[in-house]
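K.L.:
Sharing start-v8.csv below, CSV, C-alpha atoms:
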```csv
chain,number,residue,atom,x,y,z
A,3,MET,CA,15.2,-7.1,-3.0
A,4,SER,CA,11.6,-5.8,-2.8
A,5,VAL,CA,9.8,-2.8,-1.3
A,6,PHE,CA,9.1,-2.8,2.5
A,7,VAL,CA,8.5,-6.6,2.8
A,8,ASN,CA,10.1,-9.8,1.4
A,9,LYS,CA,10.5,-13.5,2.0
A,10,ASN,CA,12.7,-12.8,5.0
A,11,SER,CA,10.2,-10.6,6.8
A,12,ARG,CA,9.0,-12.0,10.1
A,13,VAL,CA,5.3,-11.1,10.3
A,14,ILE,CA,2.9,-11.0,13.3
A,15,PHE,CA,-0.8,-10.2,13.3
A,16,GLN,CA,-2.2,-7.8,15.9
A,17,GLY,CA,-5.7,-9.0,16.7
A,18,PHE,CA,-4.5,-12.4,15.6
A,19,THR,CA,-7.3,-14.6,16.8
A,20,GLY,CA,-10.1,-12.5,15.3
A,21,GLU,CA,-12.1,-13.7,12.3
A,22,HIS,CA,-10.6,-11.4,9.7
A,23,ALA,CA,-7.0,-11.7,10.9
A,24,THR,CA,-7.3,-15.5,11.0
A,25,PHE,CA,-8.6,-15.6,7.4
A,26,HIS,CA,-5.9,-13.3,6.0
A,27,ALA,CA,-3.1,-14.9,8.0
A,28,GLU,CA,-4.0,-18.3,6.5
A,29,ASP,CA,-4.1,-16.8,3.0
A,30,ALA,CA,-0.8,-15.0,3.6
A,31,MET,CA,0.9,-18.2,4.7
A,32,LYS,CA,-0.3,-20.0,1.5
A,33,ILE,CA,1.9,-17.8,-0.6
A,34,GLY,CA,4.9,-18.2,1.6
A,35,THR,CA,4.6,-15.3,4.1
A,36,ASN,CA,6.7,-16.0,7.1
A,37,VAL,CA,4.0,-15.5,9.8
A,38,VAL,CA,5.7,-16.1,13.2
A,39,GLY,CA,2.8,-15.5,15.6
A,40,GLY,CA,0.4,-12.9,16.7
A,41,VAL,CA,-1.0,-10.7,19.5
A,42,THR,CA,-4.3,-10.8,21.2
A,43,PRO,CA,-4.4,-9.3,24.8
A,44,GLY,CA,-5.6,-11.8,27.3
A,45,LYS,CA,-4.7,-14.9,25.1
A,46,GLY,CA,-1.0,-14.9,25.6
A,47,GLY,CA,0.5,-18.3,26.1
A,48,THR,CA,-2.0,-20.0,23.8
A,49,THR,CA,-1.6,-21.0,20.1
A,50,HIS,CA,-3.5,-20.1,17.0
A,51,LEU,CA,-3.0,-21.6,13.5
A,52,GLY,CA,-0.2,-23.5,15.1
A,53,LEU,CA,1.6,-20.3,16.1
A,54,PRO,CA,2.2,-18.6,19.4
A,55,VAL,CA,-0.1,-15.9,20.7
A,56,PHE,CA,1.2,-13.1,22.9
A,57,ASP,CA,-0.4,-10.5,25.1
A,58,THR,CA,1.8,-7.6,23.8
A,59,VAL,CA,3.7,-6.7,20.7
A,60,ALA,CA,6.9,-6.4,22.8
A,61,GLU,CA,6.6,-10.0,23.9
A,62,ALA,CA,6.0,-11.1,20.4
A,63,VAL,CA,9.0,-9.3,19.0
A,64,ALA,CA,11.3,-10.6,21.8
A,65,ALA,CA,10.2,-14.2,21.3
A,66,THR,CA,10.0,-14.3,17.5
A,67,GLY,CA,12.2,-11.5,16.1
A,68,ALA,CA,9.2,-10.1,14.3
A,69,ASP,CA,9.8,-6.9,12.2
A,70,VAL,CA,6.5,-6.5,10.3
A,71,SER,CA,3.0,-6.3,11.8
A,72,ALA,CA,-0.4,-6.7,10.1
A,73,VAL,CA,-2.7,-4.6,12.3
A,74,PHE,CA,-6.3,-6.1,12.4
A,75,VAL,CA,-7.6,-3.9,15.2
A,76,PRO,CA,-10.9,-1.9,15.2
A,77,PRO,CA,-10.6,1.8,14.2
A,78,PRO,CA,-10.9,3.3,17.7
A,79,PHE,CA,-7.9,1.3,18.8
A,80,SER,CA,-5.7,1.3,15.7
A,81,ALA,CA,-3.5,4.3,16.5
A,82,ASP,CA,-2.7,2.9,19.9
A,83,ALA,CA,-1.9,-0.5,18.3
A,84,LEU,CA,0.4,1.2,15.9
A,85,MET,CA,2.2,3.1,18.6
A,86,GLU,CA,2.7,-0.1,20.5
A,87,ALA,CA,4.2,-1.7,17.4
A,88,ILE,CA,6.6,1.2,16.9
A,89,ASP,CA,7.7,1.0,20.6
A,90,ALA,CA,8.3,-2.7,20.2
A,91,GLY,CA,10.7,-2.2,17.3
A,92,ILE,CA,8.4,-3.2,14.4
A,93,LYS,CA,9.8,-1.6,11.2
A,94,VAL,CA,6.7,-2.0,8.9
A,95,ALA,CA,3.1,-1.8,10.2
A,96,VAL,CA,0.1,-2.2,8.0
A,97,THR,CA,-3.2,-1.1,9.4
A,98,ILE,CA,-6.3,-2.2,7.5
A,99,ALA,CA,-9.1,-0.5,9.4
A,100,ASP,CA,-11.4,1.9,7.6
A,101,GLY,CA,-12.6,4.8,9.8
A,102,VAL,CA,-9.6,5.5,12.0
A,103,PRO,CA,-10.4,9.0,13.6
A,104,VAL,CA,-8.4,11.8,11.9
A,105,HIS,CA,-7.3,13.2,15.2
A,106,ASP,CA,-5.8,9.7,16.1
A,107,MET,CA,-3.8,9.8,12.9
A,108,ILE,CA,-2.5,13.3,13.7
A,109,ARG,CA,-1.5,12.0,17.1
A,110,LEU,CA,0.2,9.0,15.5
A,111,GLN,CA,2.1,11.0,12.9
A,112,ARG,CA,3.5,13.2,15.7
A,113,TYR,CA,4.4,10.2,17.8
A,114,ARG,CA,6.3,8.4,15.0
A,115,THR,CA,8.4,11.5,14.1
A,116,GLY,CA,12.1,10.6,14.2
A,117,LYS,CA,11.3,6.9,14.6
A,118,ASP,CA,12.5,4.2,12.1
A,119,ALA,CA,9.1,2.8,11.1
A,120,ILE,CA,7.0,2.7,8.0
A,121,ILE,CA,3.2,2.9,8.6
A,122,VAL,CA,1.0,1.8,5.7
A,123,GLY,CA,-2.7,2.7,5.8
A,124,PRO,CA,-5.2,3.0,7.4
A,125,ASN,CA,-8.0,2.0,5.0
A,126,THR,CA,-5.5,0.1,2.8
A,127,PRO,CA,-5.5,-3.4,1.2
A,128,GLY,CA,-1.9,-3.7,2.3
A,129,ILE,CA,1.4,-4.7,0.7
A,130,ILE,CA,2.2,-7.8,-1.4
A,131,THR,CA,5.4,-9.0,-3.0
A,132,PRO,CA,4.1,-12.0,-5.0
A,133,ASP,CA,5.4,-15.4,-4.0
A,134,GLU,CA,7.2,-13.9,-1.0
A,135,CYS,CA,5.1,-11.9,1.4
A,136,LYS,CA,1.5,-10.6,1.8
A,137,VAL,CA,0.5,-8.2,4.6
A,138,GLY,CA,-3.1,-7.2,4.0
A,139,ILE,CA,-6.3,-8.3,2.5
A,140,MET,CA,-5.7,-8.3,-1.3
A,141,PRO,CA,-6.6,-11.4,-3.3
A,142,SER,CA,-3.1,-12.9,-3.6
A,143,HIS,CA,-4.1,-15.2,-6.5
A,144,ILE,CA,-4.2,-12.4,-9.0
A,145,TYR,CA,-0.6,-11.2,-8.3
A,146,ARG,CA,2.2,-12.9,-10.3
A,147,LYS,CA,5.8,-12.1,-10.0
A,148,GLY,CA,7.3,-9.4,-12.3
A,149,ASN,CA,8.9,-6.0,-12.7
A,150,VAL,CA,6.0,-3.5,-12.3
A,151,GLY,CA,5.6,-1.7,-9.0
A,152,ILE,CA,2.1,-0.5,-8.1
A,153,VAL,CA,1.2,2.2,-5.6
A,154,SER,CA,-2.4,3.1,-5.2
A,155,ARG,CA,-5.0,4.9,-3.0
A,156,SER,CA,-7.7,2.5,-4.2
A,157,GLY,CA,-7.7,-1.2,-3.5
A,158,THR,CA,-10.2,-2.0,-6.1
A,159,LEU,CA,-8.3,-0.1,-8.9
A,160,ASN,CA,-5.1,-1.8,-7.7
A,161,TYR,CA,-6.7,-5.2,-8.3
A,162,GLU,CA,-8.2,-4.0,-11.6
A,163,ALA,CA,-4.8,-2.8,-12.9
A,164,THR,CA,-3.1,-6.0,-11.7
A,165,GLU,CA,-5.6,-8.2,-13.6
A,166,GLN,CA,-5.3,-6.1,-16.8
A,167,MET,CA,-1.5,-6.4,-16.6
A,168,ALA,CA,-1.7,-10.2,-15.9
A,169,ALA,CA,-3.8,-10.6,-19.0
A,170,LEU,CA,-1.0,-9.0,-21.0
A,171,GLY,CA,1.7,-11.2,-19.3
A,172,LEU,CA,3.0,-8.4,-17.0
A,173,GLY,CA,3.9,-9.3,-13.4
A,174,ILE,CA,4.3,-7.3,-10.2
A,175,SER,CA,7.4,-6.6,-8.1
A,176,THR,CA,5.6,-5.2,-5.1
A,177,SER,CA,2.1,-3.6,-4.7
A,178,VAL,CA,1.5,-1.0,-2.0
A,179,GLY,CA,-1.9,0.4,-1.1
A,180,ILE,CA,-1.4,3.7,0.8
A,181,GLY,CA,-5.1,4.0,1.6
A,182,GLY,CA,-7.8,6.4,0.9
A,183,ASP,CA,-8.0,8.4,4.1
A,184,PRO,CA,-7.2,12.2,4.4
A,185,ILE,CA,-4.1,11.3,6.6
A,186,ASN,CA,-2.1,8.2,5.6
A,187,GLY,CA,0.8,6.7,7.3
A,188,THR,CA,2.9,6.8,4.1
A,189,ASP,CA,2.4,8.7,0.8
A,190,PHE,CA,3.0,8.3,-2.9
A,191,MET,CA,6.4,10.0,-2.8
A,192,THR,CA,7.8,7.6,-0.1
A,193,VAL,CA,6.7,4.6,-2.1
A,194,LEU,CA,8.1,6.0,-5.4
A,195,ARG,CA,11.4,6.6,-3.7
A,196,ALA,CA,11.4,2.9,-2.6
A,197,PHE,CA,10.6,1.7,-6.0
A,198,GLU,CA,13.3,3.8,-7.6
A,199,ALA,CA,15.8,2.1,-5.3
A,200,ASP,CA,14.4,-1.4,-5.9
A,201,PRO,CA,16.3,-3.3,-8.7
A,202,GLU,CA,13.4,-5.6,-9.2
A,203,THR,CA,11.1,-2.7,-10.2
A,204,GLU,CA,11.6,-1.4,-13.7
A,205,ILE,CA,8.4,0.7,-14.1
A,206,VAL,CA,5.9,2.1,-11.7
A,207,VAL,CA,2.1,2.5,-11.8
A,208,MET,CA,0.7,5.3,-9.6
A,209,ILE,CA,-3.1,5.2,-9.1
A,210,GLY,CA,-4.6,8.3,-7.4
A,211,GLU,CA,-7.9,9.8,-6.7
A,212,ILE,CA,-9.6,13.2,-6.5
A,213,GLY,CA,-8.8,15.3,-3.5
A,214,GLY,CA,-5.5,16.5,-2.0
A,215,PRO,CA,-2.2,17.5,-3.7
A,216,GLN,CA,-0.1,14.4,-3.3
A,217,GLU,CA,-0.4,12.9,-6.8
A,218,VAL,CA,1.0,16.0,-8.4
A,219,ALA,CA,3.7,16.5,-5.8
A,220,ALA,CA,4.8,12.9,-6.4
A,221,ALA,CA,4.7,13.4,-10.2
A,222,ARG,CA,6.9,16.5,-9.8
A,223,TRP,CA,9.3,14.5,-7.6
A,224,ALA,CA,9.4,11.7,-10.2
A,225,LYS,CA,10.1,14.1,-13.0
A,226,ASP,CA,13.0,15.6,-11.1
A,227,THR,CA,14.4,12.4,-9.5
A,228,MET,CA,13.3,9.1,-11.0
A,229,LYS,CA,15.0,7.3,-13.9
A,230,LYS,CA,12.2,4.7,-14.1
A,231,PRO,CA,9.1,5.5,-16.1
A,232,VAL,CA,5.8,6.1,-14.2
A,233,VAL,CA,2.3,5.5,-15.5
A,234,GLY,CA,-0.4,7.5,-13.8
A,235,PHE,CA,-4.2,7.3,-13.4
A,236,VAL,CA,-6.6,9.4,-11.3
A,237,ALA,CA,-10.0,8.1,-10.4
A,238,GLY,CA,-13.1,10.3,-10.1
A,239,LEU,CA,-13.6,11.9,-13.6
A,240,ALA,CA,-17.3,12.2,-13.0
A,241,ALA,CA,-17.1,13.3,-9.3
A,242,PRO,CA,-19.1,16.5,-8.5
A,243,SER,CA,-17.3,19.2,-6.6
A,244,GLY,CA,-17.9,19.3,-2.8
A,245,ARG,CA,-19.2,15.8,-2.4
A,246,ARG,CA,-17.1,13.2,-0.7
A,247,MET,CA,-16.8,10.1,-3.0
A,248,GLY,CA,-16.1,6.7,-1.4
A,249,HIS,CA,-12.9,7.3,0.4
A,250,ALA,CA,-12.8,9.9,3.2
A,251,GLY,CA,-10.0,11.7,1.4
A,252,ALA,CA,-11.7,11.7,-2.0
A,253,ILE,CA,-13.3,15.2,-2.2
A,254,ILE,CA,-12.8,18.0,-4.6
A,255,SER,CA,-12.1,21.2,-2.6
A,256,ASN,CA,-10.6,23.3,-5.4
A,257,GLU,CA,-10.0,23.1,-9.1
A,258,ASP,CA,-6.6,21.4,-8.6
A,259,ASP,CA,-8.2,18.5,-6.8
A,260,THR,CA,-10.1,17.2,-9.9
A,261,ALA,CA,-9.1,14.1,-11.8
A,262,ILE,CA,-8.7,16.0,-15.0
A,263,ALA,CA,-6.4,18.7,-13.4
A,264,LYS,CA,-4.3,16.0,-11.8
A,265,MET,CA,-3.9,13.9,-15.0
A,266,ASP,CA,-3.1,17.0,-17.0
A,267,ALA,CA,-0.4,17.9,-14.5
A,268,MET,CA,1.0,14.4,-14.5
A,269,GLU,CA,1.2,14.4,-18.3
A,270,ALA,CA,2.8,17.8,-18.4
A,271,LEU,CA,5.4,16.4,-16.0
A,272,GLY,CA,6.3,13.6,-18.3
A,273,LEU,CA,4.3,10.7,-16.9
A,274,TYR,CA,2.4,8.2,-19.1
A,275,VAL,CA,-1.2,8.8,-18.3
A,276,SER,CA,-4.1,6.5,-18.8
A,277,ARG,CA,-7.3,8.5,-19.1
A,278,ASN,CA,-9.5,5.5,-18.8
A,279,PRO,CA,-9.3,2.9,-16.0
A,280,ALA,CA,-9.8,0.1,-18.6
A,281,HIS,CA,-6.6,1.1,-20.4
A,282,ILE,CA,-4.1,1.1,-17.5
A,283,GLY,CA,-2.6,-2.3,-18.5
A,284,GLN,CA,-2.3,-1.2,-22.2
A,285,THR,CA,-0.6,2.0,-21.1
A,286,VAL,CA,1.9,0.1,-19.0
A,287,ALA,CA,2.7,-2.2,-21.9
A,288,ARG,CA,3.2,0.7,-24.2
A,289,ALA,CA,5.5,2.5,-21.7
A,290,MET,CA,7.5,-0.7,-21.3
A,291,LYS,CA,7.9,-1.1,-25.1
A,292,GLU,CA,9.0,2.5,-25.6
A,293,ASN,CA,11.5,2.3,-22.7
A,294,GLY,CA,12.9,-1.1,-23.8
A,295,ILE,CA,11.7,-2.9,-20.6
A,296,ALA,CA,11.2,-6.6,-21.0
A,297,ILE,CA,7.9,-8.2,-19.9
A,298,LYS,CA,8.5,-10.4,-16.8
```
What does this structure look like when you write it as structure tokens?
P.N.:
Amino acid sequence: MSVFVNKNSRVIFQGFTGEHATFHAEDAMKIGTNVVGGVTPGKGGTTHLGLPVFDTVAEAVAATGADVSAVFVPPPFSADALMEAIDAGIKVAVTIADGVPVHDMIRLQRYRTGKDAIIVGPNTPGIITPDECKVGIMPSHIYRKGNVGIVSRSGTLNYEATEQMAALGLGISTSVGIGGDPINGTDFMTVLRAFEADPETEIVVMIGEIGGPQEVAAARWAKDTMKKPVVGFVAGLAAPSGRRMGHAGAIISNEDDTAIAKMDAMEALGLYVSRNPAHIGQTVARAMKENGIAIK
């Protein structure tokens, strides 16, 4: 078992014949991802990377049984692409684009209400279950199989934490980047819930940022619900108030939005907190030792 994707996932790429989708589809297939085709309107009936190309997602699903989509579509068209995927029966859609209009995401969130689909992103590195499936843009070579789940708003810090853990011999069950935009398709709490149910995941790393309440809400849910330990970190210790930092959602609007406030709250709720991004791996190793979790 894994979180959201696995070796049995049947993956298509929307925007398949574009430069970025081509590069990342090839990289995904190298680690075993079961890519079954792609969609590029107007190129239906052709082949790309030795796989069929379809004009619509519905045609791709009907012909291949696809249940996961990597959406490599420009920001102005991302929401429509996601709604097309949902309508076609895709269960997990990962949208990479940075700069999807906020009102488009509001429209999408309303549209998906009551529908059985997980939307990851936008502005995300994606999802990876090492040696099984990659749907995104993360450097797959740094991820080795293990029992640590990662959920992060930041792709860069996700990679940093992964490399620190790899140096200590720690591997990853699944890594999920929820994205750094103000409105994400999925949130920390949804991913924590999935990790808690995943038998391959024995400890979770949650990497947040300044701005918004979701890190503390997720930490509160973890305290009340989870049996697995959670290690937390919040980026933006030096961020000034009122200035947007990097990600569109990373802005301090009140005193509860600061990195210090969030990490204090996480610690008070019983999470292991790394106060320095360079110490995330060490903190995970300590939490595993204290909870009797073997290194895998």
K.L.:
Distance CA of Arg109 in chain A-CA of Arg155 in chain A, one decimal place?
P.N.:
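Going from CA of Arg109 in chain A over to CA of Arg155 in chain A covers 21.6 Å.
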K.L.:
Taking only C-alpha atoms into account, which of A:Leu84, A:Ala287, A:Leu172, A:Asp29 comes nearest Met140 in chain A?
P.N.:
A:Asp29
K.L.:
Do you have the CA of Thr192 in chain A-CA of Thr176 in chain A distance handy?
P.N.:
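Taking CA of Thr192 in chain A as the start and CA of Thr176 in chain A as the end point, the length is 13.9 Å.
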K.L.:
List as CSV every residue of range 73-177 of chain A that is in contact with range 34-56 of chain A, defined as an atom at most 7 Å from one of its atoms (using only C-alpha atoms), together with the nearest atom pair and the distance in Å rounded to one decimal, sorted by chain and then rising number.
P.N.:
```
residue,atom,partner,partner_atom,distance
A:Asp133,CA,A:Gly34,CA,6.3
A:Glu134,CA,A:Gly34,CA,5.5
A:Cys135,CA,A:Thr35,CA,4.4
A:Lys136,CA,A:Thr35,CA,6.1
```
K.L.:
Next, write the just-selected residues to a file, as a PDB file, keeping the file's coordinate frame, keeping C-alpha atoms as the atom set.
P.N.:
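Written output follows (part.pdb):
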```
ATOM      1  CA  ASP A 133       5.400 -15.400  -4.000  1.00  0.00           C
ATOM      2  CA  GLU A 134       7.200 -13.900  -1.000  1.00  0.00           C
ATOM      3  CA  CYS A 135       5.100 -11.900   1.400  1.00  0.00           C
ATOM      4  CA  LYS A 136       1.500 -10.600   1.800  1.00  0.00           C
TER       5      LYS A 136
END
```
K.L.:
Have a look at A:Arg277, A:Asp82, A:Ile185, A:Thr203 and name the one nearest to Ile108 in chain A; count all atoms listed in the file.
P.N.:
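Checking each candidate against Ile108 in chain A, we get A:Ile185 as the closest.
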K.L.:
Quick one: residues within 10 Å of Ala199 in chain A, all atoms listed in the file, excluding same-chain residues fewer than 4 positions away - as a list in words?
P.N.:
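With the cut-off at 10 Å, the set is Met3, Ser4, Val5, Val193, Leu194, Arg195, Thr203, Met228 and Lys230 of chain A.
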K.L.:
With C-alpha atoms retained, write the just-selected residues as a short mmCIF file (atom, residue, chain, number, x, y, z; two decimals), in the frame of the given file.
P.N.:
```cif
data_model
loop_
_atom_site.label_atom_id
_atom_site.label_comp_id
_atom_site.auth_asym_id
_atom_site.auth_seq_id
_atom_site.Cartn_x
_atom_site.Cartn_y
_atom_site.Cartn_z
CA MET A 3 15.20 -7.10 -3.00
CA SER A 4 11.60 -5.80 -2.80
CA VAL A 5 9.80 -2.80 -1.30
CA VAL A 193 6.70 4.60 -2.10
CA LEU A 194 8.10 6.00 -5.40
CA ARG A 195 11.40 6.60 -3.70
CA THR A 203 11.10 -2.70 -10.20
CA MET A 228 13.30 9.10 -11.00
CA LYS A 230 12.20 4.70 -14.10
#
```
K.L.:
Would you list the contacts of range 207-219 of chain A as a compact mmCIF listing (two decimals) with C-alpha atoms, keeping the file's coordinate frame, taking every protein, DNA or RNA residue within 6 Å and counting only C-alpha atoms, but skipping same-chain residues closer than 2 positions in sequence?
P.N.:
```txt
# COMPACT_ATOMS: atom_id res chain seq x y z
CA ILE A 152 2.10 -0.50 -8.10
CA VAL A 153 1.20 2.20 -5.60
CA SER A 154 -2.40 3.10 -5.20
CA ARG A 155 -5.00 4.90 -3.00
CA ALA A 221 4.70 13.40 -10.20
CA ARG A 222 6.90 16.50 -9.80
CA VAL A 232 5.80 6.10 -14.20
CA VAL A 233 2.30 5.50 -15.50
CA GLY A 234 -0.40 7.50 -13.80
CA PHE A 235 -4.20 7.30 -13.40
CA VAL A 236 -6.60 9.40 -11.30
CA ALA A 237 -10.00 8.10 -10.40
CA GLY A 238 -13.10 10.30 -10.10
CA ALA A 252 -11.70 11.70 -2.00
CA ILE A 253 -13.30 15.20 -2.20
CA ILE A 254 -12.80 18.00 -4.60
CA ASP A 259 -8.20 18.50 -6.80
CA THR A 260 -10.10 17.20 -9.90
CA ALA A 261 -9.10 14.10 -11.80
```
K.L.:
Let me make sure I understand: among A:Gln166, A:Gln111, A:Ser175, A:Ser142, which one has the smallest atom-to-atom distance to Thr188 in chain A if we use all atoms listed in the file?
P.N.:
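When distances to Thr188 in chain A are compared using all atoms listed in the file, the smallest one comes from A:Gln111.
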K.L.:
May I have the protein, DNA and RNA residues with an atom at most 12 Å from (15.0, -6.2, -8.5), counting all atoms listed in the file in the file's coordinates, returned as a list in words?
P.N.:
Met3, Ser4, Val5, Asn8, Thr131, Lys147, Gly148, Asn149, Val150, Gly151, Ile174, Ser175, Thr176, Ala196, Phe197, Glu198, Ala199, Asp200, Pro201, Glu202, Thr203, Glu204, Ile205 and Lys298 of chain A
K.L.:
Within 7 Å of Ala119 in chain A, counting all atoms listed in the file, which residues qualify if same-chain residues fewer than 6 places away don't, as a PyMOL selection string?
P.N.:
chain A and resi 88+92-94
K.L.:
Write out the residues from the selection above, keeping C-alpha atoms, as a PDB file, keeping the file's coordinate frame.
P.N.:
```pdb
ATOM      1  CA  ILE A  88       6.600   1.200  16.900  1.00  0.00           C
ATOM      2  CA  ILE A  92       8.400  -3.200  14.400  1.00  0.00           C
ATOM      3  CA  LYS A  93       9.800  -1.600  11.200  1.00  0.00           C
ATOM      4  CA  VAL A  94       6.700  -2.000   8.900  1.00  0.00           C
TER       5      VAL A  94
END
```
K.L.:
Looking at A:Ile297, A:Asp226, A:Thr97, A:Asp69, which one is nearest to Arg12 in chain A, with distances taken over all atoms listed in the file?
P.N.:
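Using all atoms listed in the file, the shortest distance to Arg12 in chain A belongs to A:Asp69.
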K.L.:
Work out how far CA of Ala62 in chain A is from CA of Ala27 in chain A, in Å to one decimal.
P.N.:
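Taking CA of Ala27 in chain A and CA of Ala62 in chain A, their separation equals 15.8 Å.
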K.L.:
Have a look at A:Asp100, A:Asp118, A:Glu257, A:Glu165 and name the one nearest to Gly182 in chain A; count all atoms listed in the file.
P.N.:
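Going through A:Asp100, A:Asp118, A:Glu257, A:Glu165 one by one, the smallest distance to Gly182 in chain A is for A:Asp100.
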K.L.:
So that I can see what lies close to Ser71 in chain A, please list as a list of chain:residue names the residues with an atom at most 6 Å from it, counting all atoms listed in the file and leaving out residues fewer than 3 positions away in the same chain.
P.N.:
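Residues near the query, excluding close chain neighbours: A:Val13, A:Ile14, A:Phe15, A:Ala95.
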K.L.:
Limited to C-alpha atoms, could you put the picked residues into a file as a compact mmCIF listing (two decimals), keeping the file's coordinate frame?
P.N.:
```txt
# COMPACT_ATOMS: atom_id res chain seq x y z
CA VAL A 13 5.30 -11.10 10.30
CA ILE A 14 2.90 -11.00 13.30
CA PHE A 15 -0.80 -10.20 13.30
CA ALA A 95 3.10 -1.80 10.20
```
K.L.:
Pull the neighbourhood of (-9.9, -5.8, -11.0) for me: all residues within 12 Å in file coordinates, counting all atoms listed in the file, as a ChimeraX atom specification.
P.N.:
/A:140-141,143-145,156-169,279-280,282-283
K.L.:
Please produce an output containing C-alpha atoms for each residue in the selection, written as a short mmCIF file (atom, residue, chain, number, x, y, z; two decimals), keeping the file's coordinate frame.
P.N.:
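Written out: part.cif:
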```cif
data_model
loop_
_atom_site.label_atom_id
_atom_site.label_comp_id
_atom_site.auth_asym_id
_atom_site.auth_seq_id
_atom_site.Cartn_x
_atom_site.Cartn_y
_atom_site.Cartn_z
CA MET A 140 -5.70 -8.30 -1.30
CA PRO A 141 -6.60 -11.40 -3.30
CA HIS A 143 -4.10 -15.20 -6.50
CA ILE A 144 -4.20 -12.40 -9.00
CA TYR A 145 -0.60 -11.20 -8.30
CA SER A 156 -7.70 2.50 -4.20
CA GLY A 157 -7.70 -1.20 -3.50
CA THR A 158 -10.20 -2.00 -6.10
CA LEU A 159 -8.30 -0.10 -8.90
CA ASN A 160 -5.10 -1.80 -7.70
CA TYR A 161 -6.70 -5.20 -8.30
CA GLU A 162 -8.20 -4.00 -11.60
CA ALA A 163 -4.80 -2.80 -12.90
CA THR A 164 -3.10 -6.00 -11.70
CA GLU A 165 -5.60 -8.20 -13.60
CA GLN A 166 -5.30 -6.10 -16.80
CA MET A 167 -1.50 -6.40 -16.60
CA ALA A 168 -1.70 -10.20 -15.90
CA ALA A 169 -3.80 -10.60 -19.00
CA PRO A 279 -9.30 2.90 -16.00
CA ALA A 280 -9.80 0.10 -18.60
CA ILE A 282 -4.10 1.10 -17.50
CA GLY A 283 -2.60 -2.30 -18.50
#
```
K.L.:
Which of these, A:Pro127, A:Asn186, A:Val63, A:Gly179, has the shortest distance to Met107 in chain A once you count all atoms listed in the file?
P.N.:
A:Asn186
K.L.:
Applying 9 Å and all atoms listed in the file, which residues near His26 in chain A remain after dropping the ones on its own chain fewer than 5 positions away? List them as a PyMOL selection string.
P.N.:
chain A and resi 21+31+136-140
